[in-house]
$ cat my_file09.cif   # mmCIF, C-alpha atoms
data_run
loop_
_atom_site.label_atom_id
_atom_site.label_comp_id
_atom_site.auth_asym_id
_atom_site.auth_seq_id
_atom_site.Cartn_x
_atom_site.Cartn_y
_atom_site.Cartn_z
CA MET X 269 -10.64 -21.06 -9.14
CA LYS X 270 -14.19 -21.46 -7.81
CA PRO X 271 -16.84 -19.29 -9.49
CA GLN X 272 -18.10 -18.05 -6.10
CA TYR X 273 -14.53 -17.06 -5.21
CA ILE X 274 -14.27 -14.95 -8.37
CA ALA X 275 -17.75 -13.55 -7.77
CA LEU X 276 -16.82 -12.37 -4.28
CA ILE X 277 -13.65 -10.70 -5.55
CA LYS X 278 -15.71 -8.87 -8.18
CA ASP X 279 -18.30 -7.95 -5.56
CA THR X 280 -15.57 -6.44 -3.38
CA PHE X 281 -14.15 -4.48 -6.30
CA TYR X 282 -17.47 -3.07 -7.51
CA LYS X 283 -18.79 -2.37 -4.01
CA GLU X 284 -15.84 -0.15 -3.11
CA LEU X 285 -15.73 1.30 -6.62
CA ARG X 286 -18.97 3.15 -5.86
CA SER X 287 -17.48 4.76 -2.76
CA LYS X 288 -17.78 8.57 -2.58
CA THR X 289 -14.31 8.69 -1.06
CA LEU X 290 -12.79 6.96 -4.07
CA ILE X 291 -14.73 9.14 -6.51
CA PHE X 292 -13.51 12.29 -4.76
CA ILE X 293 -9.88 11.10 -4.69
CA PHE X 294 -10.14 10.00 -8.33
CA LEU X 295 -11.39 13.43 -9.45
CA ALA X 296 -8.91 15.30 -7.24
CA THR X 297 -6.01 13.20 -8.53
CA THR X 298 -7.03 13.70 -12.15
CA ALA X 299 -7.39 17.47 -11.67
CA SER X 300 -4.00 17.69 -9.92
CA ILE X 301 -2.20 15.73 -12.64
CA VAL X 302 -3.81 17.78 -15.41
CA LEU X 303 -2.92 21.00 -13.58
CA GLY X 304 0.65 19.78 -13.20
CA HIS X 305 0.75 19.04 -16.93
CA LEU X 306 -0.44 22.58 -17.77
CA ILE X 307 2.10 24.18 -15.43
CA LEU X 308 4.98 22.09 -16.78
CA THR X 309 3.95 22.84 -20.34
CA ALA X 310 3.89 26.57 -19.63
CA PHE X 311 7.36 26.51 -18.05
CA ASN X 312 8.92 23.88 -20.28
CA ASN X 313 11.56 26.21 -21.73
CA ASP X 314 12.70 27.33 -18.28
CA LEU X 315 12.98 23.75 -17.07
CA GLY X 316 14.93 22.71 -20.13
CA GLY X 317 17.52 25.43 -19.81
CA ALA X 318 20.48 25.43 -22.11
CA GLY X 319 21.01 21.70 -21.95
CA GLY X 320 18.65 20.90 -24.79
CA VAL X 321 16.65 17.71 -25.13
CA ASN X 322 18.82 15.65 -22.75
CA ASN X 323 18.45 18.19 -19.96
CA ILE X 324 14.71 18.41 -20.54
CA GLY X 325 14.42 14.63 -20.43
CA LEU X 326 16.38 14.40 -17.17
CA ALA X 327 14.24 17.12 -15.60
CA GLY X 328 11.13 15.27 -16.74
CA VAL X 329 12.26 11.98 -15.19
CA ASN X 330 12.99 13.73 -11.88
CA VAL X 331 9.65 15.55 -11.83
CA LEU X 332 7.79 12.34 -12.69
CA SER X 333 9.61 10.46 -9.92
CA ILE X 334 8.63 13.08 -7.36
CA ASN X 335 5.04 12.91 -8.58
CA PHE X 336 5.08 9.13 -8.20
CA ARG X 337 6.29 9.49 -4.60
CA ILE X 338 3.27 11.69 -3.90
CA LEU X 339 1.00 9.10 -5.52
CA ASN X 340 2.56 6.44 -3.31
CA SER X 341 1.50 8.36 -0.20
CA ILE X 342 -2.02 8.89 -1.52
CA SER X 343 -2.31 5.20 -2.42
CA PHE X 344 -1.24 4.29 1.12
CA ILE X 345 -4.13 6.34 2.52
CA ILE X 346 -6.59 4.76 0.06
CA ALA X 347 -5.36 1.26 0.88
CA THR X 348 -5.83 1.94 4.60
CA VAL X 349 -9.31 3.44 4.27
CA PHE X 350 -10.66 0.69 2.03
CA GLY X 351 -8.91 -2.05 3.96
CA VAL X 352 -10.65 -0.90 7.14
CA SER X 353 -14.07 -0.51 5.55
CA VAL X 354 -14.28 -3.66 3.40
CA PHE X 355 -15.02 -5.98 6.35
CA ARG X 356 -16.63 -3.42 8.64
CA SER X 357 -19.25 -2.62 5.99
CA ASP X 358 -20.28 -6.29 5.94
CA PHE X 359 -20.79 -6.18 9.70
CA GLU X 360 -22.56 -2.83 9.77
CA ASN X 361 -24.93 -3.75 6.91
CA ASN X 362 -25.57 -7.20 8.40
CA ILE X 363 -24.74 -8.98 5.16
CA ILE X 364 -21.85 -10.98 6.59
CA TYR X 365 -24.28 -13.83 7.37
CA GLN X 366 -25.47 -13.91 3.77
CA TYR X 367 -21.92 -14.26 2.47
CA LEU X 368 -21.09 -16.98 4.98
CA SER X 369 -24.18 -18.92 3.93
CA PHE X 370 -22.76 -19.33 0.43
CA PRO X 371 -20.71 -22.43 -0.51
CA ILE X 372 -17.48 -20.64 0.33
CA SER X 373 -15.20 -21.09 3.33
CA ARG X 374 -14.30 -18.30 5.70
CA THR X 375 -10.72 -18.47 4.48
CA GLU X 376 -11.88 -17.94 0.89
CA TYR X 377 -14.12 -15.11 2.05
CA PHE X 378 -11.18 -13.52 3.90
CA PHE X 379 -8.71 -13.67 1.02
CA SER X 380 -11.25 -12.72 -1.66
CA ARG X 381 -11.99 -9.52 0.26
CA ILE X 382 -8.27 -8.76 0.48
CA ILE X 383 -7.66 -9.45 -3.22
CA GLY X 384 -10.70 -7.47 -4.33
CA THR X 385 -9.66 -4.44 -2.26
CA TRP X 386 -6.07 -4.70 -3.51
CA LEU X 387 -7.20 -4.83 -7.15
CA LEU X 388 -9.27 -1.68 -6.63
CA VAL X 389 -6.38 0.22 -5.05
CA MET X 390 -4.01 -0.98 -7.77
CA ALA X 391 -6.50 0.10 -10.46
CA TYR X 392 -6.43 3.64 -9.04
CA TYR X 393 -2.65 3.50 -8.68
CA ALA X 394 -2.16 2.29 -12.27
CA TYR X 395 -4.54 4.95 -13.62
CA ALA X 396 -2.74 7.77 -11.81
CA TYR X 397 0.66 6.32 -12.77
CA LEU X 398 -0.13 6.08 -16.49
CA LEU X 399 -1.96 9.42 -16.66
CA SER X 400 1.01 11.16 -15.03
CA ALA X 401 3.48 9.45 -17.35
CA ILE X 402 1.51 10.37 -20.48
CA LEU X 403 0.74 14.00 -19.60
CA PHE X 404 4.17 14.75 -18.17
CA SER X 405 5.81 13.20 -21.24
CA LEU X 406 3.68 15.46 -23.42
CA ALA X 407 4.68 18.46 -21.30
CA PHE X 408 8.40 17.71 -21.73
CA LYS X 409 7.91 16.55 -25.34
CA THR X 410 9.87 13.36 -24.68
CA PHE X 411 9.06 9.97 -23.19
CA ILE X 412 10.18 10.13 -19.56
CA LEU X 413 8.88 6.83 -18.14
CA THR X 414 11.82 4.56 -17.28
CA PRO X 415 12.13 0.84 -16.41
CA MET X 416 12.84 1.88 -12.81
CA HIS X 417 9.41 3.50 -12.67
CA PHE X 418 7.80 0.22 -13.75
CA LEU X 419 9.78 -1.77 -11.18
CA SER X 420 8.85 0.71 -8.46
CA PHE X 421 5.18 0.30 -9.39
CA PHE X 422 5.22 -3.47 -8.79
CA ILE X 423 7.17 -3.18 -5.53
CA LEU X 424 4.66 -0.63 -4.23
CA GLY X 425 1.92 -3.05 -5.26
CA VAL X 426 3.24 -5.57 -2.72
CA TYR X 427 3.58 -2.77 -0.15
CA LEU X 428 -0.06 -1.73 -0.64
CA LEU X 429 -1.21 -5.34 -0.34
CA LEU X 430 0.44 -5.58 3.09
CA VAL X 431 -1.04 -2.22 4.14
CA ILE X 432 -4.51 -3.50 3.18
CA PHE X 433 -3.94 -6.67 5.16
CA ILE X 434 -2.83 -4.73 8.25
CA SER X 435 -5.87 -2.46 8.09
CA ILE X 436 -8.18 -5.46 7.62
CA PHE X 437 -6.54 -7.20 10.56
CA PHE X 438 -7.27 -4.27 12.85
CA SER X 439 -10.81 -3.90 11.48
CA LEU X 440 -11.56 -7.42 12.72
CA ILE X 441 -10.74 -6.59 16.33
CA MET X 442 -11.88 -2.97 16.73
CA ASN X 443 -14.24 -0.36 15.28
CA LYS X 444 -13.53 1.60 12.10
CA ILE X 445 -12.02 4.69 13.75
CA GLY X 446 -9.88 2.57 16.03
CA ALA X 447 -8.71 0.43 13.10
CA LEU X 448 -7.77 3.53 11.09
CA PHE X 449 -5.81 4.97 13.99
CA ALA X 450 -4.15 1.62 14.75
CA THR X 451 -3.12 1.12 11.11
CA PHE X 452 -1.63 4.59 10.78
CA ALA X 453 0.10 4.31 14.17
CA THR X 454 1.50 0.87 13.35
CA CYS X 455 2.82 1.89 9.93
CA ILE X 456 4.36 5.10 11.29
CA ALA X 457 5.97 3.26 14.22
CA ALA X 458 7.25 0.57 11.86
CA ALA X 459 8.70 3.22 9.52
CA ILE X 460 10.47 5.01 12.39
CA SER X 461 11.90 1.80 13.87
CA TYR X 462 13.00 0.64 10.42
CA GLY X 463 14.74 3.96 9.79
CA VAL X 464 16.69 3.58 13.04
CA PHE X 465 17.48 -0.12 13.36
CA SER X 466 17.99 -1.01 9.69
CA VAL X 467 21.16 1.12 9.61
CA LEU X 468 22.23 0.45 13.21
CA PRO X 469 25.10 -2.04 13.67
CA LEU X 470 24.12 -5.12 15.65
CA SER X 471 26.80 -4.30 18.24
CA GLU X 472 25.03 -1.02 19.04
CA THR X 473 21.48 -2.41 19.12
CA PHE X 474 21.43 -3.05 22.88
CA SER X 475 23.71 -0.20 23.95
CA GLN X 476 22.18 2.71 25.89
CA MET X 477 18.82 0.97 26.00
CA SER X 478 15.87 3.21 26.92
CA PHE X 479 12.10 2.76 26.94
CA PHE X 480 11.70 4.31 23.47
CA LYS X 481 14.61 2.33 22.03
CA LEU X 482 13.20 -0.89 23.50
CA THR X 483 9.77 -0.09 22.02
CA GLY X 484 11.35 0.56 18.63
CA PHE X 485 13.32 -2.69 18.92
CA VAL X 486 10.13 -4.69 19.60
CA VAL X 487 8.30 -3.04 16.70
CA TYR X 488 11.26 -3.59 14.38
CA TYR X 489 11.46 -7.33 15.04
CA LEU X 490 7.83 -8.27 15.66
CA PHE X 491 6.02 -6.24 12.97
CA PRO X 492 6.29 -6.61 9.18
CA ARG X 493 8.92 -4.22 7.82
CA ILE X 494 6.75 -2.84 5.06
CA SER X 495 8.87 0.32 5.03
CA PHE X 496 11.56 -1.88 3.51
CA LEU X 497 9.47 -2.06 0.33
CA ASP X 498 8.75 1.65 0.39
CA SER X 499 12.46 2.43 0.73
CA ILE X 500 13.25 0.22 -2.29
CA SER X 501 10.58 2.00 -4.33
CA SER X 502 11.93 5.40 -3.29
CA ALA X 503 15.49 4.38 -4.16
CA LEU X 504 14.39 3.25 -7.61
CA LEU X 505 12.43 6.45 -8.24
CA LEU X 506 14.99 8.89 -6.89
CA ASP X 507 18.16 6.96 -7.81
CA GLY X 508 19.09 6.52 -4.17
CA LYS X 509 21.28 3.94 -2.46
CA LEU X 510 20.14 1.19 -0.10
CA ASP X 511 22.71 0.42 2.57
CA ILE X 512 20.86 -2.60 3.98
CA ASN X 513 20.94 -6.38 3.80
CA LEU X 514 18.29 -7.11 1.17
CA TRP X 515 18.14 -10.85 1.87
CA GLN X 516 17.79 -10.40 5.62
CA GLN X 517 15.09 -7.76 5.27
CA SER X 518 13.22 -9.80 2.66
CA LEU X 519 13.30 -12.95 4.80
CA HIS X 520 12.00 -11.09 7.85
CA LEU X 521 9.24 -9.47 5.81
CA ILE X 522 8.09 -12.81 4.36
CA VAL X 523 8.18 -14.72 7.66
CA ILE X 524 6.52 -12.09 9.86
CA SER X 525 3.92 -11.14 7.23
CA GLY X 526 3.12 -14.83 6.76
CA ALA X 527 2.68 -15.24 10.52
CA TYR X 528 0.24 -12.32 10.71
CA VAL X 529 -1.71 -13.57 7.70
CA TYR X 530 -2.03 -16.94 9.42
CA LEU X 531 -3.21 -15.33 12.67
CA ALA X 532 -5.73 -13.14 10.87
CA ASN X 533 -7.12 -16.12 8.97
CA ARG X 534 -7.42 -18.05 12.24
CA LEU X 535 -9.25 -15.08 13.75
CA VAL X 536 -11.74 -15.01 10.87
CA ASN X 537 -12.37 -18.76 11.17
CA ARG X 538 -12.90 -18.60 14.93
CA LYS X 539 -14.73 -15.25 15.11
CA ASP X 540 -18.39 -15.42 16.14
CA PHE X 541 -20.03 -13.27 13.46
#
$ encode --input "my_file09.cif" --output "structure tokens"
Amino acid sequence: MKPQYIALIKDTFYKELRSKTLIFIFLATTASIVLGHLILTAFNNDLGGAGGVNNIGLAGVNVLSINFRILNSISFIIATVFGVSVFRSDFENNIIYQYLSFPISRTEYFFSRIIGTWLLVMAYYAYAYLLSAILFSLAFKTFILTPMHFLSFFILGVYLLLVIFISIFFSLIMNKIGALFATFATCIAAAISYGVFSVLPLSETFSQMSFFKLTGFVVYYLFPRISFLDSISSALLLDGKLDINLWQQSLHLIVISGAYVYLANRLVNRKDF
């Protein structure tokens, strides 16, 4: 890997690391987890009930899983905010020209910004994940982190990477507020359409077609189904069932995400900065 490529990734990481937004979320997350630890410690006997250690351990796993779901939502917001700002800040501070003058291609610039932002979000996510696991395990006096929690972490990592890419994509074609709104709207619309069409039999897809159903159909087939990853993570955390075709959903996610990554890279290479 080129030294300038690594340098730009580090620059992205450290630049966003100094963000007041991240510092606030970091402190708020830490305080919330510590508070949760104190509350669980105080009510440990009530949570354990008469079932002894096994019952306490099961309660701990469930509480930790719910906490991780909350962290997933917070990480989604962080990924969106930093994804939108990482390119816009280069434009607004007029340093984009300096970066492009370095011996690095626009494609390398584009992907280094994405990777650097993703590493920052994952660093926060890993910190909150481990801190929760340690303090909640201490509260329940038993180790409550399971292999499913680890697997969920890595799946959500891919999900957050795609969220960052979507937010960066919109930040290249509109202002910061518009990009934030577009990212949230796109992800919400994709989640709603996925919730409807992923469980709908193909024979019923075109029946009783309306404007809203047609809109959902277009979103479902033409946008990356990132909610597919979120649903897998939720199922792993909460021991749920996935009544979907994993191979079909995975193939669609890879193909459509790859197409959007290609288009975004083309946009960066053709954009008149």
$ atom_distance --input "my_file09.cif" --atom1 "CA of Leu482 (chain X)" --atom2 "CA of Leu440 (chain X)"
27.8 Å
$ resolve_selection --input "my_file09.cif" --expression "the PyMOL selection byres ((chain X and resi 411) around 9)" --output "number ranges by chain"
X: 325, 328-329, 401-402, 404-406, 408-410, 412-414
$ resolve_selection --input "my_file09.cif" --expression "the PyMOL selection byres ((chain X and resi 399) around 12)" --output "list in words"
Phe294, Thr297, Thr298, Ala299, Ser300, Ile301, Val302, Gly304, His305, Leu332, Asn335, Phe336, Leu339, Tyr392, Tyr393, Ala394, Tyr395, Ala396, Tyr397, Leu398, Ser400, Ala401, Ile402, Leu403, Phe404, Ser405, Leu406 and Leu413 of chain X
$ residues_around --input "my_file09.cif" --residues "region 458-460 of chain X" --least-positions-apart "3" --cutoff "12 Å" --atoms "only C-alpha atoms" --output "MDAnalysis selection string"
chainID X and resid 431 434 450:455 463:467 480:481 483:499 521
$ resolve_selection --input "my_file09.cif" --expression "the PyMOL selection byres ((chain X and resi 349-358) around 10)" --output "MDAnalysis selection string"
chainID X and resid 280:281 283:284 287 289:290 343:348 359:367 378 381:382 384:386 388:389 428:429 431:440 442:448 451
$ residues_near_point --input "my_file09.cif" --point "(4.5, -0.7, -3.8)" --cutoff "9 Å" --atoms "only C-alpha atoms" --output "PDB file with C-alpha atoms, in the frame of the given file"
ATOM      1  CA  ASN X 340       2.560   6.440  -3.310  1.00  0.00           C
ATOM      2  CA  SER X 420       8.850   0.710  -8.460  1.00  0.00           C
ATOM      3  CA  PHE X 421       5.180   0.300  -9.390  1.00  0.00           C
ATOM      4  CA  PHE X 422       5.220  -3.470  -8.790  1.00  0.00           C
ATOM      5  CA  ILE X 423       7.170  -3.180  -5.530  1.00  0.00           C
ATOM      6  CA  LEU X 424       4.660  -0.630  -4.230  1.00  0.00           C
ATOM      7  CA  GLY X 425       1.920  -3.050  -5.260  1.00  0.00           C
ATOM      8  CA  VAL X 426       3.240  -5.570  -2.720  1.00  0.00           C
ATOM      9  CA  TYR X 427       3.580  -2.770  -0.150  1.00  0.00           C
ATOM     10  CA  LEU X 428      -0.060  -1.730  -0.640  1.00  0.00           C
ATOM     11  CA  LEU X 429      -1.210  -5.340  -0.340  1.00  0.00           C
ATOM     12  CA  LEU X 497       9.470  -2.060   0.330  1.00  0.00           C
ATOM     13  CA  ASP X 498       8.750   1.650   0.390  1.00  0.00           C
ATOM     14  CA  ILE X 500      13.250   0.220  -2.290  1.00  0.00           C
ATOM     15  CA  SER X 501      10.580   2.000  -4.330  1.00  0.00           C
TER      16      SER X 501
END
$ atom_distance --input "my_file09.cif" --atom1 "CA of Phe379 (chain X)" --atom2 "CA of Val536 (chain X)"
10.4 Å
$ closest_residue --input "my_file09.cif" --among "X:Ser502, X:Gln517, X:Thr375, X:Ser380" --to "Ala275 (chain X)" --atoms "only C-alpha atoms"
X:Ser380
$ axis_aligned_box --input "my_file09.cif" --around "region 498-504 of chain X" --padding-each-side "4 Å" --output "AutoDock Vina command-line options"
--center_x 12.1 --center_y 2.8 --center_z -3.4 --size_x 14.7 --size_y 13.2 --size_z 16.3
$ atom_distance --input "my_file09.cif" --atom1 "CA of Leu505 (chain X)" --atom2 "CA of Phe418 (chain X)"
9.5 Å
$ residues_near_point --input "my_file09.cif" --point "(0.4, -10.6, 6.4)" --cutoff "7 Å" --atoms "all atoms listed in the file" --output "VMD selection string"
chain X and resid 430 433 to 434 525 to 529
$ closest_residue --input "my_file09.cif" --among "X:Ala503, X:Tyr282, X:Ser518, X:Gln272" --to "Ser369 (chain X)" --atoms "only C-alpha atoms"
X:Gln272
$ closest_residue --input "my_file09.cif" --among "X:Ala310, X:Ile274, X:Leu506, X:Ile342" --to "Ile293 (chain X)" --atoms "only C-alpha atoms"
X:Ile342
$ closest_residue --input "my_file09.cif" --among "X:Trp515, X:Ser373, X:Lys270, X:Lys278" --to "Asn533 (chain X)" --atoms "only C-alpha atoms"
X:Ser373
$ closest_residue --input "my_file09.cif" --among "X:Leu504, X:Ile441, X:Leu468, X:Ala391" --to "Asn330 (chain X)" --atoms "only C-alpha atoms"
X:Leu504
$ closest_residue --input "my_file09.cif" --among "X:Tyr377, X:Glu472, X:Thr309, X:Leu387" --to "Ala407 (chain X)" --atoms "all atoms listed in the file"
X:Thr309
